[in-house]
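The next block holds one structure in the form of structure tokens; read it before the comments.
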Amino acid sequence: MKKLFAMLMALMVSAAMFTGCGGGDKKAEAPKDQKAQSQKVDRSKEFVTVLTGPTSGIYFPIGGAFSKVVGEMGYKTSATATGATGENINAILTGKGEMAIAMSDSVIQAVEGFGAYEGKPKATDLRVMMGLWPNVVQIVTTADSGIKTFKDIKGKRVGVGAPNSGVELNARMIFEANGMSYADAKVDYLSYGEAIDQMKNGQCDVAFVTSGLGNATIKELGTAKEVVFVPVDGDALKNLTKKYPFYIEWKIPKETYGTKADTVTAAVMNVMLVSKNLSDDVVYDILDGIYSQKGLETIGASHATAKREIKPETALRGITGTSLKLHPGAEKYYKAKGIIK
């Protein structure tokens, strides 16, 4: 009897421990709505092309990281180098990609039909998935050029970016804000990588680089020459932000490139465009993967700017209060997570 009683007690203790462990496992499981959402999507049948930017810029590594996250979720995916914003907007509108990084000011111009998109049909089919990081206007020159203010650019050789790229659209607006136009300088439609290469050889005086801080091409230039930034400040900054409120005042800290002082400038937000044709469930599912711990770690490892700026708390930065439209799947996600009330 004593042996039988002892065996029964042991079985009861084991059952209690098993039940306790089972309860712990349930707590560790993903929320039911998250599981249900992922079960609605057959990831293996979806192909997601992520459009990035030139290989010399920040769009390329960060866009590649987004593609990696999507691929690790089970989607078929690829990351494609492009001419950046202008090309990416057109590609999304013509069905040549599913996700694309773009500068919010250019997207707003396309949606509202002004600036570089004056006279063109309004791009009302553009949809946004999330805000990314601020693109900082970095007007780069070198100490030996003698250029210190924007007015000093008059008559100089200036690389303003590829035609209708996000960089080039910024250049136009900043010339305008300073009461100048392209006619006041010797303008060349070079990408900033090309312009900086020419600066090394003394064939270009100034390059417009609208990018995240810590741009690799500017750092490379700094190994050969003393880098100087032309500020966007005073009346020019006031003119710019008044006419184009998507610009915000920003600062290039001296520590970023080893300059002698901080530089006041302007910045606009980058956003991730997404094809209107992707289903709501796919967009919701992709956002779930991006904002998971693993997703954010992968994206953060691609660039210090991504690690610092891309997070759920900044998801709607550069989107709220503008004419940009969220994809319905993204709107559903943000409402489910309490980001949109």
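Identifiers for the structure tokens are assigned positionally: chains receive A, B, ... in sequence, residues are indexed from 1 per chain, and ligands are indexed from 1 in the order shown.
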Show me a table, sorted first by chain and then by increasing residue number, of the residues of region 248-312 of chain A having an atom at most 9 Å from region 132-153 of chain A, each with its shortest atom pair and the distance in Å to one decimal, counting only C-alpha atoms and written as JSON lines.
{"residue": "A:Trp250", "atom": "CA", "partner": "A:Val136", "partner_atom": "CA", "distance": 7.2}
{"residue": "A:Lys251", "atom": "CA", "partner": "A:Val136", "partner_atom": "CA", "distance": 8.3}
{"residue": "A:Ile252", "atom": "CA", "partner": "A:Gln138", "partner_atom": "CA", "distance": 8.0}
{"residue": "A:Thr265", "atom": "CA", "partner": "A:Val137", "partner_atom": "CA", "distance": 6.3}
{"residue": "A:Ala266", "atom": "CA", "partner": "A:Val137", "partner_atom": "CA", "distance": 5.6}
{"residue": "A:Ala267", "atom": "CA", "partner": "A:Val136", "partner_atom": "CA", "distance": 4.3}
{"residue": "A:Val268", "atom": "CA", "partner": "A:Asn135", "partner_atom": "CA", "distance": 5.2}
{"residue": "A:Met269", "atom": "CA", "partner": "A:Pro134", "partner_atom": "CA", "distance": 4.2}
{"residue": "A:Asn270", "atom": "CA", "partner": "A:Leu132", "partner_atom": "CA", "distance": 5.3}
{"residue": "A:Val271", "atom": "CA", "partner": "A:Leu132", "partner_atom": "CA", "distance": 5.2}
{"residue": "A:Met272", "atom": "CA", "partner": "A:Leu132", "partner_atom": "CA", "distance": 6.8}
{"residue": "A:Thr305", "atom": "CA", "partner": "A:Trp133", "partner_atom": "CA", "distance": 7.2}
{"residue": "A:Ala306", "atom": "CA", "partner": "A:Trp133", "partner_atom": "CA", "distance": 7.0}
{"residue": "A:Arg308", "atom": "CA", "partner": "A:Trp133", "partner_atom": "CA", "distance": 8.6}
{"residue": "A:Glu309", "atom": "CA", "partner": "A:Trp133", "partner_atom": "CA", "distance": 5.4}
{"residue": "A:Ile310", "atom": "CA", "partner": "A:Leu132", "partner_atom": "CA", "distance": 5.5}
{"residue": "A:Lys311", "atom": "CA", "partner": "A:Leu132", "partner_atom": "CA", "distance": 8.3}
With N, CA and C atoms kept, could you save the residues just selected as a PDB file, in the first residue's frame?
ATOM      1  N   TRP A 250      17.474  70.931 -39.403  1.00  0.00           N
ATOM      2  CA  TRP A 250      18.293  69.819 -38.905  1.00  0.00           C
ATOM      3  C   TRP A 250      19.722  70.321 -38.688  1.00  0.00           C
ATOM      4  N   LYS A 251      20.557  69.474 -38.179  1.00  0.00           N
ATOM      5  CA  LYS A 251      21.941  69.836 -37.914  1.00  0.00           C
ATOM      6  C   LYS A 251      22.864  68.693 -38.333  1.00  0.00           C
ATOM      7  N   ILE A 252      23.984  69.074 -38.954  1.00  0.00           N
ATOM      8  CA  ILE A 252      25.038  68.097 -39.241  1.00  0.00           C
ATOM      9  C   ILE A 252      26.084  68.264 -38.135  1.00  0.00           C
ATOM     10  N   THR A 265      21.136  72.976 -41.411  1.00  0.00           N
ATOM     11  CA  THR A 265      20.646  72.654 -42.750  1.00  0.00           C
ATOM     12  C   THR A 265      19.170  72.245 -42.652  1.00  0.00           C
ATOM     13  N   ALA A 266      18.664  71.622 -43.679  1.00  0.00           N
ATOM     14  CA  ALA A 266      17.274  71.166 -43.707  1.00  0.00           C
ATOM     15  C   ALA A 266      17.239  69.661 -43.921  1.00  0.00           C
ATOM     16  N   ALA A 267      16.106  69.059 -43.618  1.00  0.00           N
ATOM     17  CA  ALA A 267      15.945  67.614 -43.816  1.00  0.00           C
ATOM     18  C   ALA A 267      14.506  67.302 -44.198  1.00  0.00           C
ATOM     19  N   VAL A 268      14.329  66.204 -44.903  1.00  0.00           N
ATOM     20  CA  VAL A 268      13.002  65.672 -45.207  1.00  0.00           C
ATOM     21  C   VAL A 268      13.008  64.190 -44.840  1.00  0.00           C
ATOM     22  N   MET A 269      11.830  63.658 -44.571  1.00  0.00           N
ATOM     23  CA  MET A 269      11.739  62.256 -44.177  1.00  0.00           C
ATOM     24  C   MET A 269      11.736  61.335 -45.391  1.00  0.00           C
ATOM     25  N   ASN A 270      12.346  60.185 -45.222  1.00  0.00           N
ATOM     26  CA  ASN A 270      12.187  59.091 -46.184  1.00  0.00           C
ATOM     27  C   ASN A 270      10.999  58.250 -45.767  1.00  0.00           C
ATOM     28  N   VAL A 271      10.332  57.670 -46.750  1.00  0.00           N
ATOM     29  CA  VAL A 271       9.212  56.761 -46.474  1.00  0.00           C
ATOM     30  C   VAL A 271       9.390  55.499 -47.308  1.00  0.00           C
ATOM     31  N   MET A 272       8.710  54.448 -46.905  1.00  0.00           N
ATOM     32  CA  MET A 272       8.684  53.224 -47.692  1.00  0.00           C
ATOM     33  C   MET A 272       7.365  53.172 -48.448  1.00  0.00           C
ATOM     34  N   THR A 305      22.184  54.761 -39.078  1.00  0.00           N
ATOM     35  CA  THR A 305      20.975  55.590 -39.188  1.00  0.00           C
ATOM     36  C   THR A 305      19.727  54.737 -39.038  1.00  0.00           C
ATOM     37  N   ALA A 306      19.715  53.576 -39.665  1.00  0.00           N
ATOM     38  CA  ALA A 306      18.559  52.678 -39.562  1.00  0.00           C
ATOM     39  C   ALA A 306      18.361  52.214 -38.126  1.00  0.00           C
ATOM     40  N   ARG A 308      19.196  53.742 -35.430  1.00  0.00           N
ATOM     41  CA  ARG A 308      18.794  54.864 -34.589  1.00  0.00           C
ATOM     42  C   ARG A 308      17.368  55.324 -34.881  1.00  0.00           C
ATOM     43  N   GLU A 309      16.963  55.283 -36.145  1.00  0.00           N
ATOM     44  CA  GLU A 309      15.729  55.971 -36.530  1.00  0.00           C
ATOM     45  C   GLU A 309      14.525  55.075 -36.813  1.00  0.00           C
ATOM     46  N   ILE A 310      14.746  53.823 -37.240  1.00  0.00           N
ATOM     47  CA  ILE A 310      13.613  52.994 -37.657  1.00  0.00           C
ATOM     48  C   ILE A 310      13.094  52.190 -36.475  1.00  0.00           C
ATOM     49  N   LYS A 311      11.895  52.531 -36.034  1.00  0.00           N
ATOM     50  CA  LYS A 311      11.250  51.879 -34.894  1.00  0.00           C
ATOM     51  C   LYS A 311       9.757  52.188 -34.934  1.00  0.00           C
TER      52      LYS A 311
END
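Omitting Lys186 (chain A) and its sequence neighbours fewer than 4 positions away, and counting only C-alpha atoms, the residues within 8 Å are A:Gly155, A:Lys156, A:Arg157, A:Val158, A:Tyr182.
Note that the spacing between CA of Gln198 (chain A) and CA of Lys254 (chain A) amounts to 23.9 Å.
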Next item on the list: Give the helix (DSSP H, G or I) residues of region 71-269 of chain A, as assigned by DSSP on the backbone, as a PyMOL selection string.
Entry: chain A and resi 71-72+85-93+104-112+115-117+143-145+150-153+166-177+182-184+192-200+216-222+234-243+254-257
Distance table requested - region 69-115 of chain A against region 276-300 of chain A, cut-off 8 Å, only C-alpha atoms: one row per qualifying residue with the closest atom pair and its distance in Å to one decimal, ordered by chain and rising residue number, as CSV.
residue,atom,partner,partner_atom,distance
A:Val69,CA,A:Gly295,CA,5.7
A:Val70,CA,A:Ile286,CA,6.7
A:Met73,CA,A:Gly289,CA,7.0
A:Glu98,CA,A:Leu278,CA,7.3
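Compared by their closest atoms to Asn164 (chain A), and using only C-alpha atoms, the residues A:Cys204, A:Asn88, A:Leu221, A:Ala65 rank with A:Asn88 nearest.
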Margin query: To test your reading of the structure, identify every residue in region 26-219 of chain A that backbone DSSP assigns to strand (DSSP E), and report it as a PyMOL selection string.
Written below: chain A and resi 47-51+76-80+99-103+127-142+157-159+186-188+206-211
Please, could you write that set of residues out with C-alpha atoms as an mmCIF file, in the first residue's frame?
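Output file part-v6.cif is given in full below:
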data_model
loop_
_atom_site.group_PDB
_atom_site.id
_atom_site.type_symbol
_atom_site.label_atom_id
_atom_site.label_comp_id
_atom_site.auth_asym_id
_atom_site.auth_seq_id
_atom_site.Cartn_x
_atom_site.Cartn_y
_atom_site.Cartn_z
ATOM 1 C CA PHE A 47 7.224 37.987 -54.710
ATOM 2 C CA VAL A 48 8.368 41.293 -53.202
ATOM 3 C CA THR A 49 10.951 43.394 -55.039
ATOM 4 C CA VAL A 50 12.475 46.118 -52.850
ATOM 5 C CA LEU A 51 13.659 49.136 -54.861
ATOM 6 C CA LYS A 76 10.341 35.416 -52.522
ATOM 7 C CA THR A 77 12.256 38.669 -52.704
ATOM 8 C CA SER A 78 15.063 40.675 -54.245
ATOM 9 C CA ALA A 79 16.637 44.084 -53.659
ATOM 10 C CA THR A 80 17.287 46.197 -56.752
ATOM 11 C CA MET A 99 8.335 48.191 -51.993
ATOM 12 C CA ALA A 100 10.454 51.287 -52.611
ATOM 13 C CA ILE A 101 12.332 53.858 -50.546
ATOM 14 C CA ALA A 102 11.563 57.461 -51.473
ATOM 15 C CA MET A 103 11.855 60.966 -50.095
ATOM 16 C CA ARG A 127 0.599 54.293 -51.016
ATOM 17 C CA VAL A 128 2.952 54.477 -48.047
ATOM 18 C CA MET A 129 3.767 51.659 -45.636
ATOM 19 C CA MET A 130 5.958 53.383 -43.039
ATOM 20 C CA GLY A 131 8.201 56.324 -42.237
ATOM 21 C CA LEU A 132 11.945 55.628 -42.220
ATOM 22 C CA TRP A 133 14.634 58.196 -41.371
ATOM 23 C CA PRO A 134 15.359 61.871 -42.068
ATOM 24 C CA ASN A 135 17.212 62.602 -45.279
ATOM 25 C CA VAL A 136 19.555 65.461 -44.501
ATOM 26 C CA VAL A 137 20.463 68.062 -47.121
ATOM 27 C CA GLN A 138 24.264 68.004 -47.167
ATOM 28 C CA ILE A 139 25.726 70.586 -49.554
ATOM 29 C CA VAL A 140 29.306 69.415 -49.770
ATOM 30 C CA THR A 141 32.373 71.352 -50.807
ATOM 31 C CA THR A 142 36.007 71.435 -49.753
ATOM 32 C CA ARG A 157 30.467 73.874 -60.880
ATOM 33 C CA VAL A 158 27.639 72.179 -58.991
ATOM 34 C CA GLY A 159 26.492 68.551 -59.076
ATOM 35 C CA LYS A 186 27.388 75.790 -63.783
ATOM 36 C CA VAL A 187 24.993 72.956 -63.059
ATOM 37 C CA ASP A 188 25.677 69.340 -63.945
ATOM 38 C CA VAL A 206 29.942 71.497 -54.905
ATOM 39 C CA ALA A 207 27.785 68.386 -54.591
ATOM 40 C CA PHE A 208 24.242 68.139 -53.295
ATOM 41 C CA VAL A 209 23.928 65.017 -51.160
ATOM 42 C CA THR A 210 20.502 64.449 -49.649
ATOM 43 C CA SER A 211 21.046 61.376 -47.513
#
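Proximity to Glu249 (chain A) was assessed for A:Ala183, A:Val232, A:Ala177, A:Ile339 counting only C-alpha atoms; the smallest distance is recorded for A:Val232.
Distance-wise, CA of Ile319 (chain A) and CA of Glu112 (chain A) end up 14.3 Å apart.
Among the candidates A:Leu273, A:Ala123, A:Leu190, A:Met199, the residue lying nearest to Glu168 (chain A) is A:Leu190 (atoms considered: only C-alpha atoms).
Proximity ranking of A:Thr217, A:Thr55, A:Thr320, A:Ser67 relative to Ala84 (chain A) places A:Thr55 first, based on only C-alpha atoms.
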Next item on the list: Rank nothing, just name the residue among A:Ser323, A:Thr256, A:Gln109, A:Ser191 nearest to Lys219 (chain A), using only C-alpha atoms.
Entry: A:Thr256
Next item on the list: Between A:Asp42, A:Gly71, A:Ser106, A:Ile218, single out the one closest to Glu118 (chain A), counting only C-alpha atoms.
Entry: A:Ser106
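CA of Gly95 (chain A) is positioned 24.1 Å from CA of Thr322 (chain A).
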